[in-house]
Structure formats: structure tokens, C-alpha cells
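Following: one structure in C-alpha cells, then a few remarks.
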Amino acid sequence: MAEYKVIFHIDENNKWNLLLKNVSNLLNATDGEKVYIEVLANSEAVKYYDISQDLNTDIEIMENLYKKGVKFVACNNALTAHDIKKENIIEFVDVVPTGVLELVKKQNEGYAYIKP
Amino acid sequence: MAEYKVIFHIDENNKWNLLLKNVSNLLNATDGEKVYIEVLANSEAVKYYDISQDLNTDIEIMENLYKKGVKFVACNNALTAHDIKKENIIEFVDVVPTGVLELVKKQNEGYAYIKP
Amino acid sequence: MAEYKVIFHIDENNKWNLLLKNVSNLLNATDGEKVYIEVLANSEAVKYYDISQDLNTDIEIMENLYKKGVKFVACNNALTAHDIKKENIIEFVDVVPTGVLELVKKQNEGYAYIKP
């Protein structure tokens with residue numbers, strides 16, 4: 001059984017649909033295999049996690065992916081820079097202090113990097 | 001003799017000129033060395049492979065790179081999503097079922113990732 | 001003590017502010033640790049290094065990062081393509097013959113790749 005570890009990086013809101021499609025396709029293609037997928041959002045892309053804003057966030061698809069094991073993560077520097085309150089972000093989103101450091105750490109752990 | 005393995009990722013059609021330039025420069029810089037270069041197109045970027053469309057595809061440059069060993073690959077999910085028939089894509093383009101999985105596999109094999 | 005090695009890739013001038021912010025955040029987050037950060041600019045992004053042009057280059061921030069160990073590097077192919085004279089680029093910027101080859105070499109040395 002193959003094992004795959006991937007971190008997706010997103011920093012533009014207009015890439016979310018493409019990213020979620022990419023993640024879905026990857027999950028479908030690796031059904032039955034060991035897969036670790038993390039989605040790391042920084043810069044303006046963290047706004048998509050904020051349900052008090054009107055960015056047409058597709059929570060249903062995200063929750064579906066989350067239930068299949070996908071981790072959604074926000075950069076806290078970006079949350080602060082965009083005045084986003086933690087109580088407003090989707091509940092299953094994790095927060096890390098610094099998004100770019102998370103990208104480095106995961107690659108050091110053998111995660112492949114994909115920027116849609 | 002050094003050995004280089006690289007996968008270029010493209011998912012936007014307006015990046016093709018830059019990407020092909022990057023690949024040419026890399027080939028020139030590694031003349032006489034062992035180089036494995038793969039170009040993986042997914043999302044709308046697969047349209048560039050479709051010669052029935054009018055995207056000013058520079059087949060001559062692509063063929064020149066192909067003859068020097070560059071692999072051009074299309075994501076089948078993207079071909080389907082954009083209603084592209086396999087008989088219309090450039091003959092030396094390979095098709096993989098899922099582009100993002102290809103990106104992961106190649107990185108697992110030690111390929112560097114570059115997104116122009 | 002952890003050790004981090006990162007190469008940031010930039011090929012669009014409108015990404016410089018975001019990139020410099022990313023680098024600053026990474027430095028802040030890894031204070032006291034061993035960190036190697038390189039910023040590799042190719043394509044039009046090398047124009048930002050040219051102080052004879054009017055791209056609102058934030059030399060102060062760059063110099064501050066440089067003094068903290070960040071390496072700024074330009075692709076010579078890109079300098080040539082954009083008619084940029086070496087005497088016009090910021091003095092602490094290094095030049096490599098081929099930017100994409102630098103991206104590959106660094107990843108081969110264990111550098112993580114980040115494209116803001």
C-alpha cells in the first residue's frame with residue numbers, strides 16, 4: 001500500500017474552487033491508500049475560512065473533505081492582518097502561528113508541495 | 001556528472017510561454033548532464049494541448065523540447081472537465097488519470113517542483 | 001535546535017510585497033534557530049532589483065532581511081531578457097546563470113520550495 005503526504009498552499013481567494021477540486025481528485029485517486037492531505041491558507045486566502053464574510057465558502061465540500069481526513073489550516077499572522085476573529089472561522093479549521101513555517105516543516109517531513 | 005529531476009506544474013494557460021522558456025533555459029543550462037523534465041498540465045492549462053482549439057500553441061517549441069527528452073503530460077480529469085477529446089491533443093502528450101497525484105508521485109521520486 | 005532551509009520563488013512583480021512579508025514572518029517565527037532563506041527571482045520579477053526602474057522597490061526592508069541572512073538572487077537569463085544592467089541592480093543581490101536550475105539545486109540540497 002502506497003503512502004502519500006501532500007501540503008496544498010493557497011494565498012489567493014480566487015483559487016479555492018480549483019484547490020478543492022484538486023483535493024477531491026487526489027482523494028478519489030488514492031482511495032484505499034494511506035493519504036495525508038493538509039491545506040495551508042495564508043495571506044488573503046484565510047478570508048475564505050471566515051463564515052461572517054461573504055466569499056461563497058463551500059462549507060459542504062470542505063466538511064466532506066475534512067471527514068475524509070483532510071486538514072484545513074490557517075496562518076495566524078494572516079488572520080491578524082485581516083482582522084479575522086477566531087470565533088468566526090469554520091470550526092474544523094486549525095490555526096498555526098506562521099503559515100510559511102508550516103509549509104517548511106511539512107516538506108521536511110516528506111510532504112509534497114502543490115500550489116494550485 | 002550531476003543528475004537533475006524536475007516536474008513543472010501549470011494550471012493557467014497564460015503561463016505557457018513562461019513555462020516553455022523556463023524549460024528551454026533549464027535544458028541549456030544542463031547540457032551534457034542527466035536531466036529528467038516533466039511538464040504536468042491540469043485545470044484549464046490542458047487546453048493548450050488541444051490543437052483543435054485556437055490557443056496559439058507553440059507546437060514547434062514543444063516538439064523541439066520533446067525531442068530533447070521533455071515529457072508533456074495532461075491530467076485526464078482536466079481533459080474530461082474541459083470536454084477535450086484525446087484524439088485532438090498533441091500526439092506526444094501523455095495522459096495520467098489524476099494530475100495532482102502525478103505531482104506527488106514525482107516529488108516522492110526526488111523530483112524538484114517548480115510552478116512558473 | 002531545528003534547522004530550516006527554504007527557497008522562495010518569485011516571477012511576478014505584484015507578488016513582492018507578499019513575498020517580503022512571508023520572509024519576515026518566517027524569520028520572526030524561527031528566531032534563534034538555524035535558518036537558510038534564499039529568494040530566487042526570475043522572469044519579470046528581476047525588475048524589482050533594478051533601482052533605475054520605478055517599481056517602488058522596498059530596499060529598506062530588503063536590506064534589513066539581507067542583514068539577517070536572507071539571500072536575494074536574480075536569474076541572469078531574466079536580467080538579459082529585460083535589458084537590465086548588472087550595475088543597476090541592488091548591490092547585495094547575487095546573480096546565477098539560470099534561475100530554474102538554482103531552484104532545482106536548492107531543492108536537491110533539502111531546501112523547501114515556497115511560491116507566494
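Here, A, B, ... name the chains of the C-alpha cells in the order displayed, residue numbers run from 1 inside each chain, and ligands are numbered from 1 in the same displayed order.
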
Counting only C-alpha atoms, which residues of chain B fall within 9 Å of chain A, and what is the closest atom pair for each with its distance in Å at one decimal, ordered by chain and rising number, as CSV?
```
residue,atom,partner,partner_atom,distance
B:His9,CA,A:Ile114,CA,8.5
B:Ile10,CA,A:Pro116,CA,8.5
B:Asp11,CA,A:Pro116,CA,7.0
B:Ser43,CA,A:Leu18,CA,7.6
B:Asn77,CA,A:Asn25,CA,7.8
B:Pro97,CA,A:Ala29,CA,7.9
B:Thr98,CA,A:Ala29,CA,6.7
B:Gly99,CA,A:Leu26,CA,8.4
B:Val100,CA,A:Leu26,CA,6.2
B:Leu101,CA,A:Leu26,CA,5.9
B:Leu103,CA,A:Ile114,CA,7.5
B:Val104,CA,A:Ala112,CA,5.6
B:Lys105,CA,A:Tyr4,CA,8.0
B:Lys106,CA,A:Ala112,CA,9.0
B:Gln107,CA,A:Ala112,CA,6.0
B:Asn108,CA,A:Ala112,CA,7.1
B:Tyr113,CA,A:Tyr113,CA,7.5
B:Lys115,CA,A:Lys115,CA,7.3
```

Output N, CA, C and O atoms for every residue in the selection just made, as a PDB file, in the first residue's frame.
```pdb
ATOM      1  N   HIS B   9       4.757  22.414 -12.978  1.00  0.00           N
ATOM      2  CA  HIS B   9       3.301  22.361 -12.831  1.00  0.00           C
ATOM      3  C   HIS B   9       2.680  23.590 -13.468  1.00  0.00           C
ATOM      4  O   HIS B   9       3.097  24.710 -13.181  1.00  0.00           O
ATOM      5  N   ILE B  10       1.670  23.380 -14.301  1.00  0.00           N
ATOM      6  CA  ILE B  10       0.978  24.511 -14.918  1.00  0.00           C
ATOM      7  C   ILE B  10      -0.524  24.275 -14.894  1.00  0.00           C
ATOM      8  O   ILE B  10      -0.985  23.189 -15.244  1.00  0.00           O
ATOM      9  N   ASP B  11      -1.271  25.270 -14.417  1.00  0.00           N
ATOM     10  CA  ASP B  11      -2.733  25.163 -14.430  1.00  0.00           C
ATOM     11  C   ASP B  11      -3.409  26.430 -14.961  1.00  0.00           C
ATOM     12  O   ASP B  11      -4.620  26.585 -14.822  1.00  0.00           O
ATOM     13  N   SER B  43      -6.138  21.408 -14.810  1.00  0.00           N
ATOM     14  CA  SER B  43      -7.102  22.513 -14.902  1.00  0.00           C
ATOM     15  C   SER B  43      -7.149  23.037 -16.352  1.00  0.00           C
ATOM     16  O   SER B  43      -6.932  22.284 -17.296  1.00  0.00           O
ATOM     17  N   ASN B  77      -8.598  14.063 -15.643  1.00  0.00           N
ATOM     18  CA  ASN B  77      -9.753  14.744 -15.024  1.00  0.00           C
ATOM     19  C   ASN B  77      -9.974  16.100 -15.698  1.00  0.00           C
ATOM     20  O   ASN B  77     -11.117  16.498 -15.942  1.00  0.00           O
ATOM     21  N   PRO B  97      -4.231   9.694 -15.110  1.00  0.00           N
ATOM     22  CA  PRO B  97      -5.603   9.826 -14.605  1.00  0.00           C
ATOM     23  C   PRO B  97      -5.803  11.088 -13.763  1.00  0.00           C
ATOM     24  O   PRO B  97      -6.781  11.800 -13.942  1.00  0.00           O
ATOM     25  N   THR B  98      -4.849  11.370 -12.862  1.00  0.00           N
ATOM     26  CA  THR B  98      -5.021  12.479 -11.918  1.00  0.00           C
ATOM     27  C   THR B  98      -3.722  13.270 -11.811  1.00  0.00           C
ATOM     28  O   THR B  98      -2.720  12.776 -11.276  1.00  0.00           O
ATOM     29  N   GLY B  99      -3.765  14.497 -12.279  1.00  0.00           N
ATOM     30  CA  GLY B  99      -2.553  15.320 -12.327  1.00  0.00           C
ATOM     31  C   GLY B  99      -1.909  15.547 -10.983  1.00  0.00           C
ATOM     32  O   GLY B  99      -0.681  15.434 -10.845  1.00  0.00           O
ATOM     33  N   VAL B 100      -2.703  15.865  -9.962  1.00  0.00           N
ATOM     34  CA  VAL B 100      -2.101  16.149  -8.657  1.00  0.00           C
ATOM     35  C   VAL B 100      -1.415  14.928  -8.064  1.00  0.00           C
ATOM     36  O   VAL B 100      -0.390  15.046  -7.384  1.00  0.00           O
ATOM     37  N   LEU B 101      -1.965  13.730  -8.336  1.00  0.00           N
ATOM     38  CA  LEU B 101      -1.296  12.522  -7.851  1.00  0.00           C
ATOM     39  C   LEU B 101       0.061  12.361  -8.535  1.00  0.00           C
ATOM     40  O   LEU B 101       1.054  11.963  -7.901  1.00  0.00           O
ATOM     41  N   LEU B 103       1.940  14.774  -9.512  1.00  0.00           N
ATOM     42  CA  LEU B 103       2.837  15.749  -8.859  1.00  0.00           C
ATOM     43  C   LEU B 103       3.404  15.187  -7.552  1.00  0.00           C
ATOM     44  O   LEU B 103       4.570  15.417  -7.215  1.00  0.00           O
ATOM     45  N   VAL B 104       2.574  14.472  -6.830  1.00  0.00           N
ATOM     46  CA  VAL B 104       3.013  13.884  -5.560  1.00  0.00           C
ATOM     47  C   VAL B 104       4.003  12.744  -5.806  1.00  0.00           C
ATOM     48  O   VAL B 104       5.076  12.683  -5.199  1.00  0.00           O
ATOM     49  N   LYS B 105       3.619  11.862  -6.719  1.00  0.00           N
ATOM     50  CA  LYS B 105       4.479  10.702  -7.009  1.00  0.00           C
ATOM     51  C   LYS B 105       5.870  11.141  -7.445  1.00  0.00           C
ATOM     52  O   LYS B 105       6.876  10.569  -7.031  1.00  0.00           O
ATOM     53  N   LYS B 106       5.917  12.125  -8.331  1.00  0.00           N
ATOM     54  CA  LYS B 106       7.222  12.563  -8.840  1.00  0.00           C
ATOM     55  C   LYS B 106       8.053  13.185  -7.720  1.00  0.00           C
ATOM     56  O   LYS B 106       9.256  12.930  -7.616  1.00  0.00           O
ATOM     57  N   GLN B 107       7.443  13.987  -6.872  1.00  0.00           N
ATOM     58  CA  GLN B 107       8.197  14.552  -5.752  1.00  0.00           C
ATOM     59  C   GLN B 107       8.700  13.435  -4.840  1.00  0.00           C
ATOM     60  O   GLN B 107       9.814  13.497  -4.317  1.00  0.00           O
ATOM     61  N   ASN B 108       7.887  12.390  -4.653  1.00  0.00           N
ATOM     62  CA  ASN B 108       8.332  11.247  -3.848  1.00  0.00           C
ATOM     63  C   ASN B 108       9.543  10.559  -4.482  1.00  0.00           C
ATOM     64  O   ASN B 108      10.355   9.942  -3.792  1.00  0.00           O
ATOM     65  N   TYR B 113      10.040  20.480  -7.570  1.00  0.00           N
ATOM     66  CA  TYR B 113       8.770  21.026  -8.050  1.00  0.00           C
ATOM     67  C   TYR B 113       8.968  22.497  -8.393  1.00  0.00           C
ATOM     68  O   TYR B 113       9.533  23.246  -7.597  1.00  0.00           O
ATOM     69  N   LYS B 115       6.674  25.784 -10.032  1.00  0.00           N
ATOM     70  CA  LYS B 115       5.397  26.297 -10.554  1.00  0.00           C
ATOM     71  C   LYS B 115       5.646  27.695 -11.124  1.00  0.00           C
ATOM     72  O   LYS B 115       5.742  28.664 -10.376  1.00  0.00           O
TER      73      LYS B 115
END
```

Chain C on chain B, least-squares, complete ordered Cα pairing, as a compact mmCIF listing (two decimals) with N, CA and C atoms, in the first residue's frame:
```txt
# COMPACT_ATOMS: atom_id res chain seq x y z
N MET C 1 29.10 13.57 -12.97
CA MET C 1 28.00 14.17 -13.73
C MET C 1 26.78 14.31 -12.83
N ALA C 2 26.25 15.52 -12.81
CA ALA C 2 25.08 15.76 -11.97
C ALA C 2 23.83 15.16 -12.61
N GLU C 3 22.83 14.88 -11.78
CA GLU C 3 21.55 14.40 -12.28
C GLU C 3 20.44 15.28 -11.73
N TYR C 4 19.57 15.73 -12.63
CA TYR C 4 18.49 16.62 -12.20
C TYR C 4 17.15 16.05 -12.61
N LYS C 5 16.21 16.09 -11.68
CA LYS C 5 14.84 15.65 -11.96
C LYS C 5 13.89 16.77 -11.55
N VAL C 6 13.05 17.19 -12.48
CA VAL C 6 12.18 18.34 -12.23
C VAL C 6 10.79 18.10 -12.79
N ILE C 7 9.78 18.46 -12.01
CA ILE C 7 8.43 18.49 -12.55
C ILE C 7 7.91 19.93 -12.52
N PHE C 8 7.53 20.42 -13.69
CA PHE C 8 6.92 21.74 -13.81
C PHE C 8 5.41 21.58 -13.76
N HIS C 9 4.76 22.41 -12.98
CA HIS C 9 3.30 22.35 -12.83
C HIS C 9 2.67 23.59 -13.46
N ILE C 10 1.67 23.39 -14.29
CA ILE C 10 0.97 24.52 -14.91
C ILE C 10 -0.53 24.28 -14.88
N ASP C 11 -1.27 25.28 -14.41
CA ASP C 11 -2.74 25.17 -14.43
C ASP C 11 -3.42 26.44 -14.96
N GLU C 12 -2.62 27.32 -15.59
CA GLU C 12 -3.19 28.53 -16.20
C GLU C 12 -2.60 28.70 -17.60
N ASN C 13 -3.46 28.91 -18.57
CA ASN C 13 -2.97 28.99 -19.95
C ASN C 13 -2.03 30.16 -20.20
N ASN C 14 -2.22 31.26 -19.46
CA ASN C 14 -1.36 32.42 -19.71
C ASN C 14 0.07 32.25 -19.17
N LYS C 15 0.37 31.08 -18.61
CA LYS C 15 1.72 30.82 -18.11
C LYS C 15 2.54 29.94 -19.06
N TRP C 16 1.94 29.50 -20.17
CA TRP C 16 2.66 28.56 -21.04
C TRP C 16 3.95 29.13 -21.63
N ASN C 17 3.89 30.37 -22.11
CA ASN C 17 5.12 30.94 -22.69
C ASN C 17 6.25 30.97 -21.68
N LEU C 18 5.92 31.43 -20.48
CA LEU C 18 6.92 31.48 -19.42
C LEU C 18 7.44 30.08 -19.10
N LEU C 19 6.53 29.13 -19.00
CA LEU C 19 6.94 27.76 -18.67
C LEU C 19 7.87 27.18 -19.74
N LEU C 20 7.50 27.35 -21.00
CA LEU C 20 8.35 26.78 -22.07
C LEU C 20 9.72 27.45 -22.09
N LYS C 21 9.75 28.75 -21.77
CA LYS C 21 11.02 29.47 -21.66
C LYS C 21 11.85 28.90 -20.50
N ASN C 22 11.20 28.69 -19.36
CA ASN C 22 11.88 28.10 -18.21
C ASN C 22 12.49 26.75 -18.57
N VAL C 23 11.72 25.91 -19.25
CA VAL C 23 12.20 24.57 -19.60
C VAL C 23 13.39 24.67 -20.56
N SER C 24 13.28 25.55 -21.56
CA SER C 24 14.40 25.74 -22.50
C SER C 24 15.66 26.18 -21.77
N ASN C 25 15.51 27.15 -20.88
CA ASN C 25 16.67 27.64 -20.12
C ASN C 25 17.29 26.52 -19.29
N LEU C 26 16.45 25.71 -18.69
CA LEU C 26 16.96 24.62 -17.86
C LEU C 26 17.73 23.61 -18.71
N LEU C 27 17.17 23.29 -19.88
CA LEU C 27 17.87 22.36 -20.78
C LEU C 27 19.22 22.93 -21.21
N ASN C 28 19.24 24.21 -21.58
CA ASN C 28 20.50 24.83 -21.99
C ASN C 28 21.53 24.79 -20.87
N ALA C 29 21.07 25.00 -19.65
CA ALA C 29 21.98 25.09 -18.51
C ALA C 29 22.52 23.75 -18.07
N THR C 30 21.86 22.67 -18.53
CA THR C 30 22.25 21.35 -18.05
C THR C 30 22.71 20.47 -19.21
N ASP C 31 23.13 21.11 -20.29
CA ASP C 31 23.60 20.38 -21.46
C ASP C 31 24.73 19.43 -21.07
N GLY C 32 24.57 18.17 -21.43
CA GLY C 32 25.61 17.19 -21.12
C GLY C 32 25.42 16.49 -19.79
N GLU C 33 24.44 16.94 -19.03
CA GLU C 33 24.14 16.29 -17.75
C GLU C 33 22.90 15.41 -17.91
N LYS C 34 22.64 14.60 -16.90
CA LYS C 34 21.46 13.74 -16.92
C LYS C 34 20.28 14.55 -16.38
N VAL C 35 19.29 14.77 -17.22
CA VAL C 35 18.15 15.60 -16.81
C VAL C 35 16.83 14.91 -17.14
N TYR C 36 15.96 14.88 -16.17
CA TYR C 36 14.60 14.37 -16.39
C TYR C 36 13.63 15.52 -16.14
N ILE C 37 12.94 15.94 -17.18
CA ILE C 37 12.00 17.06 -17.04
C ILE C 37 10.61 16.60 -17.46
N GLU C 38 9.65 16.86 -16.58
CA GLU C 38 8.26 16.56 -16.92
C GLU C 38 7.43 17.83 -16.73
N VAL C 39 6.52 18.07 -17.67
CA VAL C 39 5.60 19.20 -17.58
C VAL C 39 4.21 18.63 -17.35
N LEU C 40 3.63 18.94 -16.20
CA LEU C 40 2.31 18.41 -15.87
C LEU C 40 1.28 19.52 -15.94
N ALA C 41 0.34 19.38 -16.88
CA ALA C 41 -0.71 20.38 -17.01
C ALA C 41 -2.03 19.83 -16.46
N ASN C 42 -2.67 20.63 -15.60
CA ASN C 42 -4.03 20.28 -15.19
C ASN C 42 -4.90 21.55 -15.26
N SER C 43 -6.13 21.41 -14.81
CA SER C 43 -7.10 22.52 -14.91
C SER C 43 -7.15 23.04 -16.35
N GLU C 44 -7.40 24.32 -16.54
CA GLU C 44 -7.58 24.86 -17.90
C GLU C 44 -6.33 24.74 -18.76
N ALA C 45 -5.16 24.55 -18.14
CA ALA C 45 -3.91 24.53 -18.90
C ALA C 45 -3.84 23.38 -19.90
N VAL C 46 -4.69 22.35 -19.73
CA VAL C 46 -4.68 21.24 -20.69
C VAL C 46 -5.21 21.66 -22.06
N LYS C 47 -5.96 22.77 -22.09
CA LYS C 47 -6.50 23.24 -23.38
C LYS C 47 -5.39 23.54 -24.38
N TYR C 48 -4.24 23.93 -23.85
CA TYR C 48 -3.10 24.27 -24.71
C TYR C 48 -2.64 23.08 -25.54
N TYR C 49 -2.90 21.88 -25.04
CA TYR C 49 -2.52 20.65 -25.74
C TYR C 49 -3.48 20.32 -26.89
N ASP C 50 -4.66 20.98 -26.89
CA ASP C 50 -5.73 20.65 -27.84
C ASP C 50 -5.54 21.46 -29.12
N ILE C 51 -5.10 20.76 -30.17
CA ILE C 51 -4.78 21.50 -31.40
C ILE C 51 -6.04 21.93 -32.16
N SER C 52 -7.22 21.44 -31.73
CA SER C 52 -8.45 21.88 -32.39
C SER C 52 -8.90 23.23 -31.83
N GLN C 53 -8.27 23.67 -30.74
CA GLN C 53 -8.60 24.98 -30.18
C GLN C 53 -7.59 26.01 -30.67
N ASP C 54 -7.91 27.25 -30.46
CA ASP C 54 -7.06 28.31 -31.01
C ASP C 54 -6.32 29.06 -29.91
N LEU C 55 -5.39 28.36 -29.27
CA LEU C 55 -4.67 28.99 -28.15
C LEU C 55 -3.23 29.33 -28.53
N ASN C 56 -2.96 29.42 -29.81
CA ASN C 56 -1.61 29.75 -30.26
C ASN C 56 -0.56 28.82 -29.68
N THR C 57 -0.92 27.56 -29.58
CA THR C 57 0.01 26.57 -29.07
C THR C 57 1.28 26.55 -29.92
N ASP C 58 2.42 26.68 -29.26
CA ASP C 58 3.69 26.69 -29.99
C ASP C 58 4.20 25.25 -30.12
N ILE C 59 3.60 24.52 -31.05
CA ILE C 59 3.92 23.09 -31.20
C ILE C 59 5.38 22.90 -31.57
N GLU C 60 5.94 23.83 -32.34
CA GLU C 60 7.32 23.69 -32.78
C GLU C 60 8.28 23.66 -31.58
N ILE C 61 8.12 24.62 -30.69
CA ILE C 61 8.97 24.66 -29.49
C ILE C 61 8.74 23.41 -28.64
N MET C 62 7.47 23.04 -28.47
CA MET C 62 7.17 21.86 -27.66
C MET C 62 7.82 20.61 -28.25
N GLU C 63 7.69 20.45 -29.56
CA GLU C 63 8.26 19.26 -30.21
C GLU C 63 9.79 19.24 -30.07
N ASN C 64 10.38 20.41 -30.20
CA ASN C 64 11.81 20.54 -30.02
C ASN C 64 12.22 20.10 -28.61
N LEU C 65 11.47 20.54 -27.62
CA LEU C 65 11.77 20.15 -26.23
C LEU C 65 11.52 18.65 -26.03
N TYR C 66 10.43 18.18 -26.61
CA TYR C 66 10.09 16.75 -26.51
C TYR C 66 11.22 15.88 -27.07
N LYS C 67 11.77 16.32 -28.21
CA LYS C 67 12.86 15.56 -28.82
C LYS C 67 14.12 15.56 -27.96
N LYS C 68 14.22 16.56 -27.11
CA LYS C 68 15.36 16.62 -26.17
C LYS C 68 15.05 15.88 -24.87
N GLY C 69 13.89 15.23 -24.81
CA GLY C 69 13.60 14.38 -23.65
C GLY C 69 12.54 14.88 -22.69
N VAL C 70 12.00 16.07 -22.94
CA VAL C 70 10.99 16.62 -22.04
C VAL C 70 9.66 15.87 -22.22
N LYS C 71 9.08 15.44 -21.09
CA LYS C 71 7.79 14.77 -21.14
C LYS C 71 6.66 15.77 -20.90
N PHE C 72 5.68 15.79 -21.79
CA PHE C 72 4.50 16.62 -21.58
C PHE C 72 3.34 15.72 -21.18
N VAL C 73 2.67 16.09 -20.10
CA VAL C 73 1.65 15.22 -19.53
C VAL C 73 0.37 16.02 -19.26
N ALA C 74 -0.77 15.39 -19.50
CA ALA C 74 -2.07 16.01 -19.22
C ALA C 74 -2.81 15.23 -18.15
N CYS C 75 -3.55 15.94 -17.34
CA CYS C 75 -4.43 15.33 -16.34
C CYS C 75 -5.74 14.94 -17.03
N ASN C 76 -6.11 13.68 -16.88
CA ASN C 76 -7.33 13.22 -17.55
C ASN C 76 -8.60 13.83 -16.95
N ASN C 77 -8.59 14.06 -15.64
CA ASN C 77 -9.74 14.75 -15.03
C ASN C 77 -9.97 16.10 -15.70
N ALA C 78 -8.89 16.79 -15.98
CA ALA C 78 -8.99 18.12 -16.60
C ALA C 78 -9.45 18.00 -18.05
N LEU C 79 -8.95 17.00 -18.77
CA LEU C 79 -9.40 16.79 -20.15
C LEU C 79 -10.91 16.58 -20.17
N THR C 80 -11.39 15.73 -19.27
CA THR C 80 -12.83 15.45 -19.19
C THR C 80 -13.61 16.71 -18.82
N ALA C 81 -13.13 17.43 -17.82
CA ALA C 81 -13.84 18.63 -17.36
C ALA C 81 -13.95 19.68 -18.46
N HIS C 82 -12.97 19.69 -19.38
CA HIS C 82 -12.99 20.69 -20.45
C HIS C 82 -13.42 20.09 -21.80
N ASP C 83 -14.03 18.89 -21.74
CA ASP C 83 -14.57 18.26 -22.96
C ASP C 83 -13.55 18.15 -24.08
N ILE C 84 -12.33 17.79 -23.72
CA ILE C 84 -11.28 17.66 -24.73
C ILE C 84 -11.14 16.20 -25.14
N LYS C 85 -11.25 15.96 -26.42
CA LYS C 85 -11.12 14.59 -26.91
C LYS C 85 -9.65 14.23 -27.05
N LYS C 86 -9.32 13.00 -26.66
CA LYS C 86 -7.91 12.59 -26.69
C LYS C 86 -7.34 12.63 -28.10
N GLU C 87 -8.21 12.40 -29.12
CA GLU C 87 -7.67 12.42 -30.49
C GLU C 87 -7.28 13.83 -30.92
N ASN C 88 -7.69 14.84 -30.16
CA ASN C 88 -7.33 16.22 -30.52
C ASN C 88 -6.06 16.74 -29.84
N ILE C 89 -5.55 15.99 -28.87
CA ILE C 89 -4.37 16.53 -28.20
C ILE C 89 -3.10 16.11 -28.94
N ILE C 90 -2.09 16.92 -28.79
CA ILE C 90 -0.81 16.70 -29.46
C ILE C 90 -0.34 15.27 -29.21
N GLU C 91 0.17 14.63 -30.26
CA GLU C 91 0.38 13.18 -30.17
C GLU C 91 1.43 12.74 -29.14
N PHE C 92 2.41 13.62 -28.90
CA PHE C 92 3.45 13.21 -27.94
C PHE C 92 3.12 13.57 -26.49
N VAL C 93 1.88 14.00 -26.25
CA VAL C 93 1.46 14.29 -24.87
C VAL C 93 0.92 13.02 -24.20
N ASP C 94 1.45 12.71 -23.02
CA ASP C 94 0.94 11.56 -22.26
C ASP C 94 -0.24 12.00 -21.38
N VAL C 95 -1.06 11.03 -21.03
CA VAL C 95 -2.20 11.33 -20.17
C VAL C 95 -2.09 10.50 -18.89
N VAL C 96 -2.27 11.17 -17.75
CA VAL C 96 -2.34 10.44 -16.47
C VAL C 96 -3.74 10.65 -15.91
N PRO C 97 -4.23 9.69 -15.11
CA PRO C 97 -5.60 9.83 -14.61
C PRO C 97 -5.80 11.09 -13.76
N THR C 98 -4.85 11.36 -12.87
CA THR C 98 -5.02 12.47 -11.91
C THR C 98 -3.73 13.27 -11.81
N GLY C 99 -3.77 14.49 -12.27
CA GLY C 99 -2.56 15.33 -12.32
C GLY C 99 -1.91 15.55 -10.97
N VAL C 100 -2.70 15.87 -9.96
CA VAL C 100 -2.11 16.16 -8.65
C VAL C 100 -1.41 14.93 -8.07
N LEU C 101 -1.96 13.74 -8.33
CA LEU C 101 -1.29 12.53 -7.85
C LEU C 101 0.06 12.36 -8.55
N GLU C 102 0.12 12.69 -9.83
CA GLU C 102 1.39 12.64 -10.56
C GLU C 102 2.41 13.59 -9.91
N LEU C 103 1.94 14.78 -9.51
CA LEU C 103 2.84 15.75 -8.86
C LEU C 103 3.40 15.19 -7.55
N VAL C 104 2.57 14.47 -6.83
CA VAL C 104 3.02 13.89 -5.57
C VAL C 104 4.00 12.75 -5.81
N LYS C 105 3.62 11.86 -6.73
CA LYS C 105 4.48 10.70 -7.02
C LYS C 105 5.87 11.14 -7.46
N LYS C 106 5.93 12.13 -8.34
CA LYS C 106 7.22 12.57 -8.85
C LYS C 106 8.06 13.18 -7.72
N GLN C 107 7.44 13.99 -6.88
CA GLN C 107 8.19 14.55 -5.76
C GLN C 107 8.70 13.44 -4.85
N ASN C 108 7.88 12.40 -4.66
CA ASN C 108 8.34 11.26 -3.85
C ASN C 108 9.54 10.56 -4.49
N GLU C 109 9.64 10.66 -5.82
CA GLU C 109 10.78 10.05 -6.53
C GLU C 109 11.98 11.00 -6.58
N GLY C 110 11.90 12.14 -5.89
CA GLY C 110 13.04 13.04 -5.82
C GLY C 110 13.01 14.17 -6.83
N TYR C 111 11.91 14.29 -7.55
CA TYR C 111 11.79 15.41 -8.49
C TYR C 111 11.61 16.71 -7.72
N ALA C 112 12.29 17.76 -8.15
CA ALA C 112 12.03 19.10 -7.65
C ALA C 112 10.74 19.60 -8.28
N TYR C 113 10.03 20.47 -7.57
CA TYR C 113 8.75 21.03 -8.05
C TYR C 113 8.95 22.50 -8.39
N ILE C 114 8.52 22.87 -9.57
CA ILE C 114 8.58 24.29 -9.96
C ILE C 114 7.24 24.69 -10.56
N LYS C 115 6.67 25.79 -10.03
CA LYS C 115 5.40 26.31 -10.56
C LYS C 115 5.65 27.70 -11.12
N PRO C 116 5.79 27.82 -12.45
CA PRO C 116 6.04 29.14 -13.03
C PRO C 116 4.77 30.02 -12.91
```

- Message: If DSSP is run on the backbone, what residues of chain B are alpha helix (DSSP H)? A reply as an MDAnalysis selection string would be ideal.
- Response: chainID B and resid 16:29 59:67 76:81 99:108

- Run DSSP on the backbone of this structure and report the residues of chain C it assigns to strand (DSSP E or B), as an MDAnalysis selection string. chainID C and resid 3:10 34:41 50 71:75 89 93:96 112:114
